[in-house]
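Visitor: My structure is stored as input16.txt, with compact mmCIF, C-alpha atoms.
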# COMPACT_ATOMS: atom_id res chain seq x y z
CA MET A 1 -25.78 6.92 -11.19
CA ASP A 2 -22.66 8.72 -10.01
CA THR A 3 -22.82 6.73 -6.80
CA LEU A 4 -23.03 3.47 -8.74
CA ASN A 5 -20.07 4.59 -10.84
CA LEU A 6 -18.10 5.36 -7.69
CA PHE A 7 -18.97 1.93 -6.30
CA ILE A 8 -17.92 0.00 -9.41
CA LYS A 9 -14.84 2.17 -9.83
CA SER A 10 -13.67 1.60 -6.27
CA ILE A 11 -14.06 -2.19 -6.57
CA PHE A 12 -12.63 -2.90 -10.00
CA ILE A 13 -10.79 0.06 -11.51
CA ASP A 14 -9.21 1.60 -8.43
CA ASN A 15 -8.83 -1.76 -6.75
CA MET A 16 -6.92 -1.32 -3.51
CA VAL A 17 -4.51 -4.14 -4.22
CA PHE A 18 -4.04 -4.12 -7.97
CA ALA A 19 -3.98 -0.37 -8.60
CA PHE A 20 -2.47 1.02 -5.39
CA PHE A 21 -0.76 -1.93 -3.63
CA PHE A 22 -2.59 -1.13 -0.39
CA GLY A 23 -2.62 -3.77 2.31
CA MET A 24 -0.01 -5.87 0.51
CA CYS A 25 1.65 -7.05 3.71
CA SER A 26 -1.35 -8.90 5.09
CA TYR A 27 -2.44 -9.72 1.53
CA ILE A 28 0.75 -11.76 1.00
CA ALA A 29 0.87 -13.14 4.55
CA VAL A 30 -2.76 -14.26 4.95
CA SER A 31 -3.58 -15.48 1.44
CA LYS A 32 -2.47 -19.05 2.10
CA SER A 33 -5.95 -20.46 2.69
CA VAL A 34 -9.32 -19.30 1.36
CA LYS A 35 -11.00 -19.64 4.75
CA THR A 36 -8.80 -17.18 6.66
CA ALA A 37 -8.73 -14.90 3.62
CA LEU A 38 -12.54 -14.73 3.70
CA GLY A 39 -12.53 -13.90 7.43
CA LEU A 40 -9.90 -11.19 7.16
CA GLY A 41 -11.52 -9.72 4.05
CA ALA A 42 -14.84 -9.46 5.86
CA ALA A 43 -13.22 -7.76 8.86
CA VAL A 44 -11.33 -5.29 6.65
CA THR A 45 -14.48 -4.46 4.67
CA PHE A 46 -16.41 -3.85 7.88
CA VAL A 47 -13.73 -1.61 9.37
CA GLN A 48 -13.42 0.24 6.06
CA VAL A 49 -17.19 0.87 5.82
CA MET A 50 -17.19 2.35 9.32
CA THR A 51 -13.93 4.34 9.39
CA VAL A 52 -14.16 6.09 6.01
CA PRO A 53 -17.46 7.86 6.85
CA LEU A 54 -16.23 8.59 10.40
CA ASN A 55 -13.07 10.18 9.05
CA PHE A 56 -15.14 11.95 6.40
CA LEU A 57 -17.21 13.64 9.10
CA LEU A 58 -14.13 14.52 11.14
CA TYR A 59 -12.33 15.94 8.11
CA ASN A 60 -15.31 17.81 6.75
CA TYR A 61 -16.45 19.43 9.99
CA ILE A 62 -13.24 19.84 12.00
CA LEU A 63 -9.99 19.45 10.07
CA LYS A 64 -10.51 20.89 6.58
CA PRO A 65 -9.33 24.50 6.06
CA GLY A 66 -12.33 26.62 7.01
CA ALA A 67 -14.25 23.62 8.31
CA LEU A 68 -14.83 25.17 11.72
CA SER A 69 -17.02 27.93 10.25
CA TRP A 70 -20.07 26.26 11.84
CA CYS A 71 -18.84 27.40 15.25
CA GLY A 72 -17.42 30.74 14.18
CA TYR A 73 -13.71 30.03 13.52
CA GLU A 74 -13.48 30.43 9.72
CA SER A 75 -9.74 31.13 9.62
CA VAL A 76 -8.61 28.02 11.51
CA ASP A 77 -6.79 25.38 9.42
CA LEU A 78 -6.24 22.12 11.28
CA SER A 79 -5.43 20.02 8.21
CA PHE A 80 -1.89 19.27 9.45
CA LEU A 81 -3.54 17.10 12.12
CA THR A 82 -5.18 14.88 9.50
CA PHE A 83 -2.81 11.91 9.76
CA ILE A 84 -2.87 11.65 13.53
CA VAL A 85 -6.67 12.04 13.77
CA PHE A 86 -7.28 9.44 11.05
CA ILE A 87 -4.96 6.87 12.60
CA ALA A 88 -6.40 7.49 16.07
CA THR A 89 -9.95 6.94 14.75
CA ILE A 90 -8.87 3.76 13.00
CA ALA A 91 -6.95 2.38 15.99
CA ALA A 92 -9.81 3.12 18.36
CA PHE A 93 -12.35 1.56 16.03
CA VAL A 94 -10.28 -1.58 15.50
CA GLN A 95 -9.92 -1.92 19.27
CA LEU A 96 -13.70 -1.66 19.57
CA VAL A 97 -14.28 -4.29 16.87
CA GLU A 98 -11.78 -6.56 18.61
CA MET A 99 -13.60 -6.26 21.92
CA ILE A 100 -17.01 -6.86 20.31
CA VAL A 101 -15.81 -9.91 18.39
CA GLU A 102 -14.12 -11.34 21.49
CA LYS A 103 -17.30 -10.91 23.53
CA PHE A 104 -19.87 -12.21 21.05
CA SER A 105 -17.96 -14.65 18.85
CA PRO A 106 -14.93 -16.19 20.58
CA ALA A 107 -14.60 -18.77 17.78
CA LEU A 108 -14.06 -16.14 15.08
CA TYR A 109 -11.78 -14.25 17.46
CA SER A 110 -9.41 -17.16 17.91
CA GLN A 111 -9.56 -17.93 14.18
CA LEU A 112 -8.41 -14.45 13.17
CA GLY A 113 -5.88 -14.25 16.01
CA ILE A 114 -3.17 -11.67 15.58
CA PHE A 115 -4.55 -10.36 12.28
CA LEU A 116 -7.51 -8.66 13.91
CA PRO A 117 -5.52 -6.01 15.85
CA LEU A 118 -3.19 -5.70 12.86
CA ILE A 119 -6.04 -4.31 10.75
CA ALA A 120 -5.21 -1.01 12.45
CA VAL A 121 -1.94 -0.86 10.55
CA ASN A 122 -3.37 -2.23 7.31
CA CYS A 123 -2.51 0.32 4.63
CA ALA A 124 -5.83 -0.35 2.89
CA ILE A 125 -7.75 1.22 5.78
CA MET A 126 -5.53 4.27 6.13
CA GLY A 127 -5.27 4.51 2.34
CA GLY A 128 -9.06 4.51 1.99
CA SER A 129 -9.32 7.43 4.40
CA LEU A 130 -6.50 9.34 2.70
CA PHE A 131 -8.08 8.89 -0.73
CA MET A 132 -11.37 10.06 0.75
CA GLN A 133 -9.52 13.21 1.93
CA GLN A 134 -8.12 13.69 -1.59
CA LYS A 135 -11.59 13.32 -3.09
CA VAL A 136 -13.03 15.85 -0.64
CA ASP A 137 -10.28 18.34 -1.51
CA GLY A 138 -10.97 17.79 -5.20
CA ALA A 139 -14.72 18.30 -4.57
CA GLU A 140 -15.44 14.80 -5.95
CA MET A 141 -17.06 13.64 -2.73
CA THR A 142 -19.54 15.85 -0.94
CA THR A 143 -21.90 13.68 1.10
CA VAL A 144 -21.56 11.07 3.83
CA TRP A 145 -23.52 8.67 1.63
CA GLU A 146 -20.79 8.79 -1.02
CA SER A 147 -18.11 8.15 1.57
CA ILE A 148 -20.01 5.07 2.82
CA VAL A 149 -20.27 3.79 -0.76
CA TYR A 150 -16.57 4.42 -1.33
CA GLY A 151 -15.64 2.64 1.91
CA LEU A 152 -17.81 -0.35 1.01
CA GLY A 153 -16.49 -0.51 -2.56
CA SER A 154 -12.82 -0.30 -1.66
CA GLY A 155 -13.28 -2.86 1.14
CA LEU A 156 -15.06 -5.28 -1.20
CA GLY A 157 -12.31 -4.79 -3.79
CA TRP A 158 -9.68 -5.80 -1.24
CA TRP A 159 -11.81 -8.75 -0.14
CA LEU A 160 -12.23 -9.93 -3.72
CA ALA A 161 -8.50 -9.64 -4.37
CA ILE A 162 -7.38 -11.58 -1.29
CA VAL A 163 -9.92 -14.38 -1.83
CA MET A 164 -8.93 -14.77 -5.49
CA MET A 165 -5.27 -14.79 -4.49
CA ALA A 166 -5.85 -17.41 -1.78
CA ALA A 167 -7.73 -19.61 -4.26
CA ILE A 168 -4.85 -19.44 -6.74
CA ARG A 169 -2.23 -20.06 -4.06
CA GLU A 170 -4.07 -23.14 -2.81
CA LYS A 171 -3.74 -24.53 -6.33
CA THR A 172 -0.08 -23.60 -6.70
CA THR A 173 0.87 -25.85 -3.79
CA TYR A 174 0.62 -28.69 -6.29
CA SER A 175 2.66 -26.96 -9.00
CA HIS A 176 6.35 -27.33 -9.71
CA ILE A 177 7.71 -23.87 -8.97
CA PRO A 178 11.47 -23.15 -9.02
CA ALA A 179 12.73 -23.41 -5.42
CA ALA A 180 13.86 -19.79 -5.29
CA LEU A 181 10.49 -18.54 -6.48
CA LYS A 182 8.37 -20.44 -3.92
CA GLY A 183 6.41 -18.39 -1.40
CA PRO A 184 6.48 -14.60 -1.80
CA GLY A 185 8.24 -14.60 -5.19
CA ILE A 186 5.50 -16.40 -7.07
CA ALA A 187 2.85 -14.53 -5.04
CA PHE A 188 4.15 -11.22 -6.37
CA ILE A 189 4.21 -12.43 -9.96
CA ILE A 190 0.68 -13.89 -9.70
CA THR A 191 -0.54 -10.59 -8.25
CA GLY A 192 1.11 -8.73 -11.11
CA LEU A 193 -0.63 -10.91 -13.68
CA MET A 194 -3.95 -10.50 -11.85
CA GLY A 195 -3.36 -6.75 -11.88
CA ILE A 196 -2.84 -6.81 -15.65
CA ALA A 197 -6.08 -8.78 -15.95
CA PHE A 198 -7.87 -6.17 -13.84
CA MET A 199 -6.72 -3.44 -16.19
CA ILE A 200 -9.44 -4.56 -18.62
CA PHE A 201 -11.98 -2.99 -16.28
CA SER A 202 -10.51 0.47 -16.67
CA GLY A 203 -13.02 1.42 -19.36
CA ILE A 204 -16.19 0.63 -17.42
CA GLN A 205 -18.38 3.65 -16.84
CA PHE A 206 -22.12 3.85 -16.55
CA LYS A 207 -23.94 6.54 -18.47
CA SER A 208 -25.82 9.29 -16.66
CA SER A 209 -29.48 8.78 -15.75
CA GLU A 210 -30.98 9.86 -19.10
CA GLU A 211 -29.23 6.98 -20.80
CA ALA A 212 -30.39 4.48 -18.21
CA GLU A 213 -31.28 1.81 -20.79
CA LYS A 214 -27.66 1.49 -21.81
CA VAL A 215 -26.76 0.54 -18.24
CA GLU A 216 -28.61 -2.74 -18.76
CA ALA A 217 -26.32 -3.49 -21.66
CA ALA A 218 -23.17 -2.55 -19.78
CA GLU A 219 -23.85 -4.60 -16.68
CA PRO A 220 -23.02 -8.11 -17.95
CA LYS A 221 -19.40 -6.97 -18.33
CA ILE A 222 -18.94 -7.24 -14.58
CA GLU A 223 -19.47 -10.98 -14.65
CA VAL A 224 -16.11 -11.37 -16.40
CA VAL A 225 -14.51 -11.35 -12.93
CA GLU A 226 -15.16 -15.03 -12.41
CA ALA A 227 -13.30 -15.91 -15.58
CA VAL A 228 -10.37 -13.61 -14.85
CA GLU A 229 -8.33 -16.14 -12.92
CA THR A 230 -7.86 -18.44 -15.86
CA GLU A 231 -7.43 -15.88 -18.61
CA GLN A 232 -4.34 -14.02 -17.59
CA THR A 233 -1.94 -14.36 -20.49
CA PRO A 234 -4.17 -13.34 -23.42
CA VAL A 235 -5.30 -10.25 -21.51
CA ALA A 236 -1.71 -9.19 -20.97
CA GLU A 237 -1.02 -9.32 -24.70
CA ASN A 238 -4.10 -7.34 -25.59
CA ASP A 239 -3.17 -4.63 -23.15
CA GLN A 240 0.24 -4.14 -24.64
CA VAL A 241 -1.32 -3.70 -28.05
CA ASN A 242 -3.66 -1.03 -26.73
CA LEU A 243 -0.79 0.94 -25.24
CA MET B 1 31.82 1.35 15.32
CA SER B 2 31.81 -2.12 16.80
CA ASN B 3 31.25 -5.23 14.74
CA LYS B 4 27.80 -5.85 16.16
CA ASN B 5 26.57 -2.34 15.42
CA LEU B 6 27.89 -2.61 11.88
CA LYS B 7 25.82 -5.75 11.47
CA TYR B 8 22.65 -3.89 12.52
CA LEU B 9 23.41 -1.31 9.87
CA THR B 10 24.33 -3.54 6.94
CA GLY B 11 22.28 -6.69 7.66
CA PRO B 12 19.07 -5.24 6.15
CA PHE B 13 20.79 -4.54 2.81
CA SER B 14 20.66 -8.15 1.68
CA ALA B 15 20.37 -11.05 4.14
CA ASN B 16 17.61 -9.44 6.22
CA ASN B 17 16.17 -7.00 3.68
CA PRO B 18 12.82 -5.59 4.90
CA VAL B 19 11.10 -5.74 1.49
CA ILE B 20 12.26 -8.95 -0.14
CA VAL B 21 13.04 -11.09 2.92
CA GLN B 22 10.80 -9.82 5.71
CA ILE B 23 8.06 -8.88 3.15
CA LEU B 24 7.25 -5.61 4.90
CA GLY B 25 6.26 -2.20 3.60
CA ILE B 26 5.42 -3.28 0.09
CA CYS B 27 2.45 -0.94 -0.42
CA SER B 28 4.48 2.22 -0.71
CA ALA B 29 7.54 0.46 -2.07
CA LEU B 30 5.78 -0.17 -5.34
CA ALA B 31 3.55 2.84 -5.82
CA VAL B 32 6.29 5.49 -5.80
CA THR B 33 8.66 3.74 -8.18
CA VAL B 34 7.50 5.08 -11.54
CA LYS B 35 10.37 7.61 -11.45
CA LEU B 36 13.67 7.59 -9.58
CA GLU B 37 13.33 10.99 -7.91
CA PRO B 38 10.17 10.33 -5.84
CA ALA B 39 11.53 6.87 -5.02
CA ILE B 40 14.67 8.37 -3.47
CA VAL B 41 12.72 11.04 -1.57
CA MET B 42 10.38 8.34 -0.27
CA ALA B 43 13.33 6.15 0.77
CA LEU B 44 14.92 9.02 2.72
CA SER B 45 11.60 9.86 4.42
CA VAL B 46 11.07 6.26 5.49
CA THR B 47 14.67 6.04 6.73
CA ALA B 48 14.20 9.14 8.87
CA VAL B 49 10.89 7.94 10.31
CA THR B 50 12.16 4.40 11.01
CA ALA B 51 15.36 5.62 12.64
CA PHE B 52 13.72 8.20 14.91
CA SER B 53 10.71 6.08 15.85
CA ASN B 54 13.12 3.28 16.78
CA LEU B 55 15.14 5.74 18.86
CA VAL B 56 12.12 7.20 20.67
CA MET B 57 10.47 3.84 21.35
CA SER B 58 13.76 2.39 22.55
CA LEU B 59 14.10 5.24 25.05
CA LEU B 60 10.49 4.73 26.21
CA ARG B 61 10.61 0.94 26.33
CA ASN B 62 11.23 0.48 30.06
CA GLY B 63 8.46 2.75 31.30
CA LEU B 64 5.81 1.58 28.87
CA PRO B 65 3.02 -0.85 29.86
CA SER B 66 2.68 -3.38 27.04
CA ARG B 67 -1.11 -3.02 26.86
CA ILE B 68 -0.96 0.52 25.51
CA ARG B 69 2.20 0.23 23.45
CA ILE B 70 0.48 0.00 20.03
CA ILE B 71 -1.33 3.27 20.49
CA VAL B 72 1.82 4.98 21.80
CA GLN B 73 3.74 3.69 18.78
CA LEU B 74 1.08 5.01 16.44
CA VAL B 75 1.18 8.44 18.05
CA VAL B 76 4.99 8.62 17.90
CA ILE B 77 5.07 7.45 14.28
CA ALA B 78 2.21 9.74 13.22
CA THR B 79 3.95 12.74 14.77
CA LEU B 80 7.19 11.95 12.92
CA VAL B 81 5.30 11.47 9.65
CA ILE B 82 3.55 14.82 10.07
CA LEU B 83 6.99 16.43 10.52
CA VAL B 84 8.33 14.70 7.38
CA ASP B 85 5.22 15.72 5.43
CA GLN B 86 5.56 19.38 6.42
CA VAL B 87 9.29 19.37 5.54
CA LEU B 88 8.59 17.83 2.13
CA LYS B 89 5.83 20.35 1.43
CA ALA B 90 8.16 23.19 2.38
CA PHE B 91 11.30 22.17 0.46
CA VAL B 92 10.34 19.77 -2.40
CA TYR B 93 6.73 20.66 -3.11
CA ASP B 94 6.60 19.03 -6.57
CA VAL B 95 7.83 15.68 -5.30
CA SER B 96 5.47 15.88 -2.34
CA LYS B 97 2.59 16.33 -4.82
CA GLN B 98 3.76 13.26 -6.76
CA LEU B 99 3.97 11.17 -3.60
CA SER B 100 0.40 12.28 -2.68
CA VAL B 101 -1.16 9.93 -0.13
CA TYR B 102 1.90 7.72 0.15
CA VAL B 103 3.63 10.07 2.60
CA GLY B 104 0.70 9.64 4.98
CA LEU B 105 0.91 5.91 4.44
CA ILE B 106 4.37 5.79 6.05
CA ILE B 107 2.35 5.66 9.30
CA THR B 108 0.96 2.28 8.34
CA ASN B 109 4.18 1.17 6.66
CA CYS B 110 4.83 -2.20 8.23
CA ILE B 111 8.60 -1.62 8.29
CA VAL B 112 8.31 1.18 10.85
CA MET B 113 5.91 -0.69 13.13
CA GLY B 114 7.64 -4.02 12.53
CA ARG B 115 11.10 -2.76 13.47
CA VAL B 116 9.80 -1.04 16.59
CA GLU B 117 8.05 -4.23 17.70
CA ALA B 118 10.80 -6.63 16.72
CA PHE B 119 13.88 -4.62 17.63
CA ALA B 120 13.52 -1.29 19.41
CA LEU B 121 11.46 -2.66 22.32
CA GLY B 122 14.30 -5.02 23.23
CA ASN B 123 17.47 -3.07 22.45
CA GLY B 124 19.29 0.09 23.45
CA PRO B 125 18.75 3.47 21.74
CA TRP B 126 21.97 3.56 19.67
CA ALA B 127 21.56 0.01 18.31
CA SER B 128 17.88 0.72 17.55
CA PHE B 129 18.76 3.92 15.74
CA LEU B 130 21.29 2.09 13.55
CA ASP B 131 18.80 -0.71 12.92
CA GLY B 132 16.26 1.90 11.79
CA ILE B 133 18.72 3.51 9.40
CA GLY B 134 19.81 0.13 8.06
CA ASN B 135 16.23 -1.01 7.40
CA GLY B 136 15.29 2.32 5.83
CA LEU B 137 18.25 2.09 3.47
CA GLY B 138 17.58 -1.57 2.70
CA TYR B 139 14.06 -0.54 1.73
CA GLY B 140 15.47 2.33 -0.32
CA LEU B 141 17.78 -0.05 -2.18
CA ILE B 142 14.84 -2.09 -3.49
CA LEU B 143 12.94 1.11 -4.35
CA VAL B 144 15.87 2.40 -6.39
CA ILE B 145 16.33 -0.90 -8.25
CA VAL B 146 12.62 -1.10 -9.15
CA ALA B 147 12.43 2.60 -10.07
CA PHE B 148 15.58 2.29 -12.22
CA PHE B 149 14.04 -0.40 -14.41
CA ARG B 150 10.59 1.20 -14.52
CA GLU B 151 11.89 4.63 -15.48
CA LEU B 152 14.48 3.33 -17.95
CA LEU B 153 12.17 0.90 -19.76
CA GLY B 154 8.95 2.86 -19.26
CA SER B 155 9.93 6.40 -20.16
CA GLY B 156 13.52 6.02 -21.42
CA THR B 157 14.85 8.48 -18.86
CA LEU B 158 16.83 8.43 -15.60
CA PHE B 159 16.13 11.21 -13.09
CA GLY B 160 14.20 12.88 -15.93
CA PHE B 161 17.19 12.96 -18.34
CA PRO B 162 16.70 11.09 -21.62
CA VAL B 163 19.39 8.42 -21.77
CA LEU B 164 18.26 6.50 -24.85
CA GLU B 165 18.59 9.40 -27.26
CA ASN B 166 21.15 12.16 -27.55
CA ASP B 167 23.31 13.90 -30.14
CA TRP B 168 25.38 10.95 -31.29
CA PHE B 169 23.11 8.06 -30.41
CA ASN B 170 19.38 7.56 -30.86
CA LEU B 171 17.78 4.24 -30.03
CA TYR B 172 14.31 5.36 -31.09
CA ALA B 173 15.58 5.84 -34.67
CA CYS B 174 16.40 2.13 -34.78
CA GLY B 175 12.77 1.23 -34.10
CA TYR B 176 12.92 0.97 -30.29
CA SER B 177 9.91 2.23 -28.36
CA ASN B 178 9.19 2.66 -24.67
CA MET B 179 7.29 -0.09 -22.89
CA GLY B 180 4.22 1.75 -21.63
CA LEU B 181 3.15 -1.20 -19.48
CA MET B 182 6.11 -0.51 -17.18
CA LEU B 183 4.37 2.64 -15.98
CA PHE B 184 1.37 0.64 -14.75
CA PRO B 185 1.23 -0.86 -11.25
CA PRO B 186 1.31 -4.59 -12.14
CA MET B 187 4.82 -4.42 -13.61
CA ALA B 188 6.23 -3.19 -10.28
CA LEU B 189 4.94 -6.37 -8.65
CA ILE B 190 6.48 -8.52 -11.36
CA ILE B 191 9.85 -6.73 -11.03
CA VAL B 192 9.84 -7.29 -7.26
CA GLY B 193 8.94 -10.95 -7.88
CA CYS B 194 11.98 -11.23 -10.15
CA ILE B 195 14.24 -9.50 -7.61
CA ILE B 196 13.11 -12.01 -4.97
CA TRP B 197 13.75 -14.83 -7.44
CA ILE B 198 17.32 -13.71 -8.17
CA HIS B 199 18.04 -12.92 -4.51
CA ARG B 200 16.83 -16.29 -3.26
CA SER B 201 18.61 -18.28 -5.92
CA ARG B 202 21.84 -16.69 -4.67
CA ASN B 203 20.94 -17.13 -0.96
CA LYS B 204 19.76 -20.71 -0.80
CA ASP B 205 19.08 -20.63 2.95
CA LEU B 206 16.17 -18.22 2.39
CA GLN B 207 14.30 -20.58 0.07
CA GLU B 208 11.01 -22.06 1.27
CA LYS B 209 10.80 -25.82 1.51
Is it possible to give me this structure as C-alpha cells?

Guide:
Amino acid sequence: MDTLNLFIKSIFIDNMVFAFFFGMCSYIAVSKSVKTALGLGAAVTFVQVMTVPLNFLLYNYILKPGALSWCGYESVDLSFLTFIVFIATIAAFVQLVEMIVEKFSPALYSQLGIFLPLIAVNCAIMGGSLFMQQKVDGAEMTTVWESIVYGLGSGLGWWLAIVMMAAIREKTTYSHIPAALKGPGIAFIITGLMGIAFMIFSGIQFKSSEEAEKVEAAEPKIEVVEAVETEQTPVAENDQVNL
Amino acid sequence: MSNKNLKYLTGPFSANNPVIVQILGICSALAVTVKLEPAIVMALSVTAVTAFSNLVMSLLRNGLPSRIRIIVQLVVIATLVILVDQVLKAFVYDVSKQLSVYVGLIITNCIVMGRVEAFALGNGPWASFLDGIGNGLGYGLILVIVAFFRELLGSGTLFGFPVLENDWFNLYACGYSNMGLMLFPPMALIIVGCIIWIHRSRNKDLQEK
C-alpha cells in the first residue's frame, strides 16, 4: 500500500511540473502539438524509469556515507561526487537510448529530432534522481522496487502535464489573446491555473492494508483528472477559502 | 570597457533576458522564490556557474571535437556546481538547506548549457565571461522581482523583516491578511506570466505574431 501511495503521490501531488517546475524549458517549448508532446513524454518517462533505479543503486552502494562497507571501507564518504555521477549516468543513458532509437525506429528518431539528446539536460530527470537521493537520506526509500515506482510515477506525471498543456495550447490558437501575452506568457498563466487545479489532489492518501476496503471508495477520485482542464476557476476559489 | 562588451553585460537585463525572452532556466527560477534571501543566493550561484563555465568552455573551444562537447560541458558544469554546493554548505548552511535539490539542478539549468552552446563556443574568453555574468544577473533580476511579490504578499515580510506591521503602523489591524496562495508553486508561474505580459507590451518587437 505504501508503494501505491508513493506512485499516486509522485504523479498527482508531487507532480514534477506543477509542484516543482521541473522540465519547464522543454515543457514550454514542445507543448505546441499533442503528437510531439506524447512522443517526448514517453521518452522522458522511459529515461526516468531507467535512470532513477540506476542512480539509486549507485548512491546506495557507492556514494552514500558508509555505503562502501560491503567492501570494507566504512569510513569513506563519496557523497560530494553525487552530482557528477548522476549526470554522467543520465547522459550516458540518454546517448544509449538515442542510438537504440536511431537504429530500430528511424521514423521516431527524426520526429523527436533535437529533443531526444536534450532529455539529458531535462531538469525532470536530474530532479527525479536528486529527490530519490533526498528520500534515501530521509530513510523514506529503501528498496530498488520503490525507486522504480517513483521513477515511473514522476515520469508519468510529467507526461500527463505536457499532454494536457499541449491539448489546451492547441485550442488557444483560436482564442483572442492580447498580443503581448501570446506564446510563453499565456503558457505560464495556463500552467499556473492547472497547478492550482492539481492542488485538489493534495489530500489523496490510501489507507494501510488493514483498511483495504476503504481504498475502493477512494479510487474514483483519481478520475477527476479528465475534468480538470475545464474546471480551473472554481477550484482556484475553493483553494483560497481552505487556506 | 568597450561598447560591445558593455552590450554583452547589459543586454540580458531586458532585451535578451534569459528567463522571460529566451525562456531558459525556469525550473529553478520559480522554486526558490518563496523568500528573497534564497532567491538572491541562488542568483549569485547561477551567475558564478554561468560565468566560469562560459570562460572555461571558451578557452577549450578550439581544441574540442564537436562530437564529445556535450559530455565535456556537463563535466565542467557539474564540477563548478559541486564547488558552489560545497561553498554554500560551508558558509550559508541554512540557505543551502532551503535550496535543497535546486543547487544540484543548476547543472541542468538551461541557461548555463544554453549560453555555452550559443555564445561561449564562438567567442573569446573575456566576452564569454561577461556574457555569463550578464545572463546570470538577468536571471537574478527576475528571481528578485518574483520573490519580492511572493514574500511581500505571501508572508508580509521582506528578507524576513515584517514590513506590514510595526510600532506606528499595522495593516493587519485594519483587516488585511496574508495571501497564503502566494506561497504555493502555481502563483510563481502566474507572476512570471504577468512579468512577460508587461515586458512584451513595452517591447513590441518581442511579441509573437

Visitor: Once you count all atoms listed in the file, which residues of chain A turn out to be within 6 Å of chain B? Could you give them as a list in words?

Guide: Ala19, Phe21, Phe22, Met24, Cys25, Ile84, Val121, Cys123, Ala180, Leu181, Gly185, Phe188, Ile189, Gly192, Gly195 and Ile196 of chain A

Visitor: So what do you get for atom CA of A:Ala29 versus atom CA of A:Ala166, distance-wise?

Guide: 10.2 Å

Visitor: Using all atoms listed in the file, which residues sit within 12 Å of stretch 36-42 of chain A once same-chain residues fewer than 4 positions away are excluded, as a ChimeraX atom specification?

Guide: /A:23,26-32,46-49,107-119,122,124-125,152,154-170

Visitor: Between atom CA of B:Thr47 and atom CA of B:Ala90, what distance in Å does the model show, to one decimal?

Guide: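 Interatomic distance here is 18.9 Å.
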
Visitor: So the first atom is atom CA of B:Asn16 and the second is atom CA of A:Pro184; what is the distance between them in Å, to one decimal place?

Guide: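 Result for atom CA of B:Asn16 versus atom CA of A:Pro184: 14.7 Å, one decimal.
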
Visitor: Around (6.3, 13.6, -6.5), as given in the file, which residues come within 9 Å? Count only C-alpha atoms and list them as a PDB file with C-alpha atoms, keeping the file's coordinate frame.

Guide:
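Contents of part-v9.pdb, as written:
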ATOM      1  CA  VAL B  32       6.290   5.490  -5.800  1.00  0.00           C
ATOM      2  CA  LYS B  35      10.370   7.610 -11.450  1.00  0.00           C
ATOM      3  CA  GLU B  37      13.330  10.990  -7.910  1.00  0.00           C
ATOM      4  CA  PRO B  38      10.170  10.330  -5.840  1.00  0.00           C
ATOM      5  CA  ALA B  39      11.530   6.870  -5.020  1.00  0.00           C
ATOM      6  CA  VAL B  41      12.720  11.040  -1.570  1.00  0.00           C
ATOM      7  CA  VAL B  92      10.340  19.770  -2.400  1.00  0.00           C
ATOM      8  CA  TYR B  93       6.730  20.660  -3.110  1.00  0.00           C
ATOM      9  CA  ASP B  94       6.600  19.030  -6.570  1.00  0.00           C
ATOM     10  CA  VAL B  95       7.830  15.680  -5.300  1.00  0.00           C
ATOM     11  CA  SER B  96       5.470  15.880  -2.340  1.00  0.00           C
ATOM     12  CA  LYS B  97       2.590  16.330  -4.820  1.00  0.00           C
ATOM     13  CA  GLN B  98       3.760  13.260  -6.760  1.00  0.00           C
ATOM     14  CA  LEU B  99       3.970  11.170  -3.600  1.00  0.00           C
ATOM     15  CA  SER B 100       0.400  12.280  -2.680  1.00  0.00           C
TER      16      SER B 100
END

Visitor: With only C-alpha atoms as the atoms that count, which of B:Ala127, B:Phe161, B:Trp168, B:Val112 lies nearest to B:Asn3?

Guide: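 Nearest candidate to B:Asn3 out of B:Ala127, B:Phe161, B:Trp168, B:Val112: B:Ala127.
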
Visitor: For stretch 169-177 of chain A, what centre and edge lengths in Å (one decimal) does the axis-aligned box get once 5 Å is added on each side of all its listed atoms, as AutoDock Vina command-line options?

Guide:
--center_x 1.8 --center_y -24.4 --center_z -6.3 --size_x 21.8 --size_y 18.6 --size_z 16.9

Visitor: Residues within 12 Å of A:Thr142, please, as a PyMOL selection string. Count only C-alpha atoms; anything in the same chain fewer than 3 positions from it doesn't count.

Guide: chain A and resi 2-3+53+56-57+59-61+132-139+145-148+150

Visitor: Would you pick out the contacts of stretch 55-59 of chain B at 7 Å or less, using all atoms listed in the file, so that residues sharing its chain but fewer than 2 positions from it are not included, and give the list as a list in words?

Guide: Ala51, Phe52, Ser53, Arg61, Val116, Ala120, Leu121, Asn123, Gly124, Pro125, Ser128 and Phe129 of chain B
